[in-house]
$ cat run25.cif   # mmCIF, C-alpha atoms
data_my_file
loop_
_atom_site.label_atom_id
_atom_site.label_comp_id
_atom_site.auth_asym_id
_atom_site.auth_seq_id
_atom_site.Cartn_x
_atom_site.Cartn_y
_atom_site.Cartn_z
CA MET A 1 -2.75 6.69 22.54
CA ASP A 2 -5.11 4.72 24.76
CA GLY A 3 -6.98 3.02 21.91
CA PHE A 4 -4.06 1.83 19.77
CA ASP A 5 -0.67 0.25 20.36
CA LEU A 6 0.70 0.44 16.80
CA ILE A 7 0.16 2.16 13.46
CA ILE A 8 1.02 0.30 10.26
CA PHE A 9 1.47 2.10 6.96
CA ASP A 10 1.25 0.61 3.53
CA CYS A 11 4.18 1.97 1.50
CA ASP A 12 3.29 2.40 -2.19
CA GLY A 13 0.76 5.19 -2.61
CA VAL A 14 0.75 6.03 1.12
CA LEU A 15 4.32 6.93 2.04
CA VAL A 16 5.90 7.07 -1.41
CA ASP A 17 4.14 8.26 -4.56
CA SER A 18 5.06 5.17 -6.55
CA GLU A 19 1.74 3.74 -7.74
CA ILE A 20 1.43 6.20 -10.62
CA ILE A 21 4.91 5.24 -11.84
CA ALA A 22 4.05 1.55 -11.61
CA ALA A 23 0.79 2.10 -13.49
CA ASP A 24 2.67 3.94 -16.24
CA VAL A 25 5.29 1.20 -16.64
CA GLU A 26 2.90 -1.70 -16.44
CA SER A 27 0.18 -0.27 -18.68
CA SER A 28 2.87 0.52 -21.28
CA LEU A 29 4.05 -3.09 -21.23
CA LEU A 30 0.52 -4.34 -21.69
CA ARG A 31 0.00 -2.04 -24.68
CA GLU A 32 2.95 -3.77 -26.33
CA ILE A 33 0.93 -7.00 -26.43
CA GLY A 34 -2.28 -5.33 -27.54
CA ILE A 35 -4.00 -4.66 -24.20
CA ASP A 36 -4.78 -0.97 -23.78
CA ILE A 37 -5.78 0.00 -20.25
CA PRO A 38 -5.56 3.76 -19.55
CA ARG A 39 -3.22 4.64 -16.71
CA GLN A 40 -5.99 5.91 -14.40
CA ALA A 41 -8.17 2.88 -15.04
CA PHE A 42 -5.16 0.67 -14.44
CA ALA A 43 -4.49 2.29 -11.07
CA GLU A 44 -8.16 2.03 -10.10
CA ARG A 45 -8.46 -1.66 -10.96
CA TYR A 46 -5.06 -3.06 -10.01
CA ALA A 47 -3.36 -0.75 -7.45
CA GLY A 48 -2.12 -2.71 -4.45
CA LEU A 49 -1.59 -6.00 -6.29
CA THR A 50 1.73 -7.56 -7.20
CA TRP A 51 2.64 -7.48 -10.90
CA LYS A 52 2.19 -11.25 -11.10
CA ASP A 53 -1.32 -10.99 -9.69
CA ILE A 54 -2.06 -8.08 -12.02
CA LEU A 55 -1.06 -10.19 -15.02
CA LEU A 56 -3.25 -13.06 -13.85
CA ALA A 57 -6.19 -10.68 -13.39
CA VAL A 58 -5.63 -9.01 -16.79
CA GLU A 59 -5.42 -12.40 -18.49
CA LYS A 60 -8.70 -13.41 -16.86
CA ASP A 61 -10.37 -10.08 -17.70
CA THR A 62 -9.26 -9.98 -21.34
CA ALA A 63 -8.75 -13.66 -22.26
CA VAL A 64 -5.44 -12.60 -23.86
CA PRO A 65 -2.50 -14.92 -23.03
CA ILE A 66 0.22 -13.04 -21.11
CA PRO A 67 3.86 -13.94 -21.81
CA ALA A 68 5.80 -14.80 -18.66
CA SER A 69 8.65 -12.54 -19.81
CA LEU A 70 6.58 -9.49 -18.85
CA ILE A 71 7.22 -10.21 -15.16
CA ASP A 72 10.98 -9.79 -15.43
CA ARG A 73 10.72 -6.81 -17.79
CA SER A 74 8.42 -4.94 -15.44
CA THR A 75 10.65 -5.56 -12.43
CA GLU A 76 13.71 -4.19 -14.22
CA LEU A 77 12.01 -1.16 -15.77
CA LEU A 78 10.09 -0.22 -12.65
CA ASP A 79 13.09 -0.53 -10.34
CA GLU A 80 15.07 1.76 -12.66
CA ARG A 81 12.35 4.41 -12.74
CA LEU A 82 11.61 4.27 -9.02
CA ALA A 83 15.30 4.71 -8.22
CA ARG A 84 15.31 7.90 -10.33
CA GLU A 85 11.85 9.35 -9.90
CA VAL A 86 9.98 8.29 -6.78
CA ARG A 87 9.02 11.07 -4.38
CA PRO A 88 7.56 10.97 -0.88
CA VAL A 89 3.85 11.55 -0.48
CA ALA A 90 3.55 15.13 0.72
CA GLY A 91 3.63 15.32 4.51
CA ALA A 92 4.10 11.58 5.06
CA GLY A 93 7.19 11.88 7.23
CA GLU A 94 5.76 14.71 9.29
CA ALA A 95 2.51 12.80 9.88
CA ALA A 96 4.35 9.66 10.97
CA ILE A 97 6.40 11.64 13.47
CA ALA A 98 3.35 13.50 14.78
CA ILE A 99 1.44 10.31 15.66
CA PRO A 100 2.60 9.16 19.13
CA LEU A 101 2.57 5.45 18.35
CA PRO A 102 5.17 2.84 17.39
CA ARG A 103 5.06 2.51 13.62
CA ALA A 104 5.74 -0.10 10.97
CA ILE A 105 5.35 -0.74 7.25
CA CYS A 106 3.61 -3.76 5.71
CA SER A 107 3.95 -3.86 1.93
CA ASN A 108 3.64 -6.12 -1.08
CA SER A 109 6.86 -4.65 -2.51
CA ALA A 110 10.11 -6.61 -2.36
CA PRO A 111 12.55 -5.74 0.45
CA GLU A 112 15.14 -4.33 -1.95
CA ARG A 113 12.58 -2.06 -3.61
CA LEU A 114 11.29 -0.89 -0.24
CA GLU A 115 14.79 0.02 0.86
CA THR A 116 15.50 1.90 -2.38
CA MET A 117 12.27 3.90 -2.25
CA LEU A 118 12.38 4.69 1.45
CA LYS A 119 16.00 5.76 1.39
CA ARG A 120 15.50 7.92 -1.70
CA THR A 121 12.55 9.65 0.00
CA ARG A 122 14.41 9.90 3.34
CA LEU A 123 11.73 7.95 5.20
CA HIS A 124 13.67 4.75 5.88
CA HIS A 125 15.03 5.81 9.27
CA LEU A 126 11.52 6.56 10.55
CA PHE A 127 10.47 2.91 10.24
CA ASP A 128 13.63 0.81 10.31
CA PRO A 129 13.77 -2.03 11.35
CA HIS A 130 9.99 -2.54 11.33
CA ILE A 131 9.64 -2.76 7.54
CA PHE A 132 7.86 -5.95 6.44
CA SER A 133 7.56 -7.29 2.89
CA ALA A 134 4.99 -9.90 1.91
CA LYS A 135 7.52 -11.16 -0.64
CA THR A 136 9.45 -12.73 2.24
CA LEU A 137 6.49 -14.87 3.30
CA GLY A 138 6.29 -17.04 0.19
CA GLU A 139 3.93 -17.55 -2.72
CA ASN A 140 0.28 -16.47 -2.60
CA ARG A 141 0.65 -14.57 0.66
CA GLN A 142 0.58 -11.03 -0.68
CA LYS A 143 -2.33 -8.62 -0.19
CA PRO A 144 -5.29 -9.02 -0.45
CA ALA A 145 -4.33 -11.95 1.77
CA PRO A 146 -3.99 -10.73 5.38
CA ASP A 147 -0.70 -12.59 5.99
CA ILE A 148 1.69 -9.63 5.99
CA TYR A 149 -0.45 -7.73 8.49
CA ILE A 150 -0.74 -10.77 10.73
CA HIS A 151 3.03 -11.26 10.45
CA GLY A 152 3.71 -7.65 11.43
CA ALA A 153 1.38 -7.83 14.42
CA ARG A 154 2.89 -11.08 15.69
CA THR A 155 6.47 -9.93 15.16
CA LEU A 156 5.89 -6.73 17.12
CA GLY A 157 3.70 -8.42 19.74
CA HIS A 158 0.47 -6.45 19.34
CA ALA A 159 -3.13 -7.63 19.13
CA PRO A 160 -4.71 -6.85 15.72
CA SER A 161 -7.62 -5.07 17.39
CA ARG A 162 -5.12 -2.58 18.85
CA ILE A 163 -3.59 -1.71 15.48
CA VAL A 164 -4.64 0.98 12.99
CA VAL A 165 -3.61 0.70 9.33
CA VAL A 166 -3.29 3.35 6.62
CA GLU A 167 -4.07 1.97 3.16
CA ASP A 168 -4.65 3.42 -0.30
CA SER A 169 -5.95 0.34 -2.16
CA VAL A 170 -9.09 -1.76 -1.94
CA HIS A 171 -6.91 -4.89 -1.87
CA GLY A 172 -4.89 -3.50 1.02
CA VAL A 173 -8.01 -2.54 2.98
CA HIS A 174 -9.37 -6.06 2.52
CA ALA A 175 -6.08 -7.49 3.81
CA ALA A 176 -5.98 -5.30 6.93
CA ARG A 177 -9.62 -5.87 7.76
CA ALA A 178 -9.22 -9.63 7.31
CA ALA A 179 -6.35 -9.41 9.81
CA GLY A 180 -8.73 -7.85 12.33
CA MET A 181 -7.31 -4.30 12.19
CA ARG A 182 -8.91 -0.85 11.94
CA VAL A 183 -8.28 0.93 8.65
CA ILE A 184 -7.98 4.55 7.53
CA GLY A 185 -8.14 5.00 3.77
CA PHE A 186 -5.79 7.41 2.03
CA THR A 187 -6.44 9.09 -1.33
CA GLY A 188 -3.58 11.60 -1.51
CA GLY A 189 -1.39 9.78 -4.02
CA SER A 190 -1.06 10.84 -7.66
CA HIS A 191 -2.85 7.65 -8.73
CA SER A 192 -6.07 8.61 -6.95
CA TYR A 193 -9.29 8.64 -9.00
CA PRO A 194 -12.78 10.18 -8.58
CA ASP A 195 -14.44 7.27 -6.73
CA HIS A 196 -11.34 6.28 -4.76
CA ALA A 197 -12.65 7.25 -1.32
CA ASP A 198 -15.99 5.50 -1.90
CA HIS A 199 -14.24 2.29 -2.96
CA LEU A 200 -12.01 2.31 0.13
CA SER A 201 -15.01 2.87 2.40
CA GLU A 202 -16.94 0.07 0.72
CA ALA A 203 -13.95 -2.23 1.26
CA GLY A 204 -13.95 -1.53 5.00
CA ALA A 205 -12.04 1.68 5.70
CA GLU A 206 -13.76 3.48 8.56
CA THR A 207 -12.78 6.91 7.32
CA VAL A 208 -10.72 8.34 4.48
CA VAL A 209 -8.25 11.23 4.39
CA ASN A 210 -6.82 12.87 1.29
CA ARG A 211 -3.93 14.72 2.91
CA MET A 212 -1.33 13.47 5.34
CA GLN A 213 -1.76 16.58 7.46
CA HIS A 214 -5.19 15.25 8.47
CA LEU A 215 -3.92 11.82 9.52
CA PRO A 216 -2.72 12.53 13.10
CA ALA A 217 -6.07 14.02 14.16
CA THR A 218 -7.95 11.17 12.47
CA VAL A 219 -5.86 8.54 14.26
CA ALA A 220 -6.42 10.37 17.57
CA ALA A 221 -10.20 10.41 17.03
CA LEU A 222 -10.33 6.70 16.17
CA SER A 223 -8.10 5.92 19.11
CA GLN A 224 -10.51 7.61 21.54
CA TRP A 225 -13.40 5.65 20.04
CA ASN A 226 -11.42 2.40 20.20
CA ALA A 227 -10.58 2.97 23.86
CA ALA A 228 -14.23 3.55 24.68
CA VAL A 229 -15.55 0.28 23.24
#
$ encode --input "run25.cif" --output "structure tokens"
Amino acid sequence: MDGFDLIIFDCDGVLVDSEIIAADVESSLLREIGIDIPRQAFAERYAGLTWKDILLAVEKDTAVPIPASLIDRSTELLDERLAREVRPVAGAGEAAIAIPLPRAICSNSAPERLETMLKRTRLHHLFDPHIFSAKTLGENRQKPAPDIYIHGARTLGHAPSRIVVVEDSVHGVHAARAAGMRVIGFTGGSHSYPDHADHLSEAGAETVVNRMQHLPATVAALSQWNAAV
């Protein structure tokens, strides 16, 4: 495509339908300490953040002290459920193949979790070895910081302005836009909520799709516009 050199996908909620599982696990853990956030509200407020950042945000929002042990418990429980239950987002693999661009993943999830989810959903081979985890960059460099997107662009040798990103979370859109990339919002995951598309647009997504089957044509249209400017 003349307008883009690379497409980068977020993983959770874009390629694999994992955000709803994470919201279920994490909201259940919070209920154990007296904080009741419905699963949909949890996904709306905190999708795209690491569990540590979620706990910091919940503690700030509620003024309830959060025990540090919740971090380890969530990691163990969520990894177990994802290994058993995670499914691909419908049409994700087909859409990736149909877009004639080099592709990569930039995610907040740990490398081991990414490998587990992508292999279970049979998507790993479509992106390997260009699968980047913000966890490998160090503390405080996860989305909404732009670091993982900048890292992916530099590693693969592409200018940010020539990269299009597919993101499902406000935090992820902020990260990609701060990195200087174009963003398509995606609302096709099970964690989507009524105002999801509006929130992604307000965060900086130029357009939003709710089915993967619409993604190739949307990327092609943005690519033509990008090539013309």
$ closest_residue --input "run25.cif" --among "A:Ala96, A:Ile37, A:Ala63, A:Val16" --to "Leu82 of chain A" --atoms "all atoms listed in the file"
A:Val16
$ resolve_selection --input "run25.cif" --expression "the PyMOL selection byres ((chain A and resi 164) around 7)" --output "ChimeraX atom specification"
/A:4,6-8,162-163,165-166,181-183
$ resolve_selection --input "run25.cif" --expression "the PyMOL selection byres ((chain A and resi 184) around 7)" --output "list in words"
Val165, Val166, Glu167, Val183, Gly185, Phe186, Ala205, Glu206, Thr207 and Val208 of chain A
$ closest_residue --input "run25.cif" --among "A:Thr218, A:Ser169, A:Ser18, A:Thr62" --to "Thr116 of chain A" --atoms "all atoms listed in the file"
A:Ser18
$ closest_atom_pairs --input "run25.cif" --of "segment 52-89 of chain A" --to "segment 23-30 of chain A" --cutoff "8 Å" --atoms "all atoms listed in the file" --output "Markdown table"
| residue | atom | partner | partner_atom | distance |
| --- | --- | --- | --- | --- |
| A:Leu70 | CA | A:Leu29 | CA | 7.3 |
| A:Ser74 | CA | A:Glu26 | CA | 6.5 |
| A:Leu77 | CA | A:Val25 | CA | 7.2 |
| A:Leu78 | CA | A:Val25 | CA | 6.4 |
$ closest_residue --input "run25.cif" --among "A:Glu19, A:Gly3, A:Lys143, A:Gln40" --to "Glu85 of chain A" --atoms "all atoms listed in the file"
A:Glu19
$ closest_residue --input "run25.cif" --among "A:Ser201, A:Asp195, A:Pro129, A:Asp147" --to "Ala179 of chain A" --atoms "all atoms listed in the file"
A:Asp147
$ resolve_selection --input "run25.cif" --expression "the PyMOL selection byres ((chain A and resi 71) around 10)" --output "PDB file with C-alpha atoms, in the coordinates of the input"
ATOM      1  CA  GLU A  26       2.900  -1.700 -16.440  1.00  0.00           C
ATOM      2  CA  LEU A  29       4.050  -3.090 -21.230  1.00  0.00           C
ATOM      3  CA  TRP A  51       2.640  -7.480 -10.900  1.00  0.00           C
ATOM      4  CA  LYS A  52       2.190 -11.250 -11.100  1.00  0.00           C
ATOM      5  CA  LEU A  55      -1.060 -10.190 -15.020  1.00  0.00           C
ATOM      6  CA  ILE A  66       0.220 -13.040 -21.110  1.00  0.00           C
ATOM      7  CA  PRO A  67       3.860 -13.940 -21.810  1.00  0.00           C
ATOM      8  CA  ALA A  68       5.800 -14.800 -18.660  1.00  0.00           C
ATOM      9  CA  SER A  69       8.650 -12.540 -19.810  1.00  0.00           C
ATOM     10  CA  LEU A  70       6.580  -9.490 -18.850  1.00  0.00           C
ATOM     11  CA  ASP A  72      10.980  -9.790 -15.430  1.00  0.00           C
ATOM     12  CA  ARG A  73      10.720  -6.810 -17.790  1.00  0.00           C
ATOM     13  CA  SER A  74       8.420  -4.940 -15.440  1.00  0.00           C
ATOM     14  CA  THR A  75      10.650  -5.560 -12.430  1.00  0.00           C
ATOM     15  CA  GLU A  76      13.710  -4.190 -14.220  1.00  0.00           C
TER      16      GLU A  76
END
$ closest_residue --input "run25.cif" --among "A:Val64, A:Ala43, A:Pro100, A:Arg87" --to "Arg31 of chain A" --atoms "only C-alpha atoms"
A:Val64
$ closest_residue --input "run25.cif" --among "A:Ala153, A:Val58, A:Ala83, A:Ala175" --to "Ile21 of chain A" --atoms "only C-alpha atoms"
A:Ala83
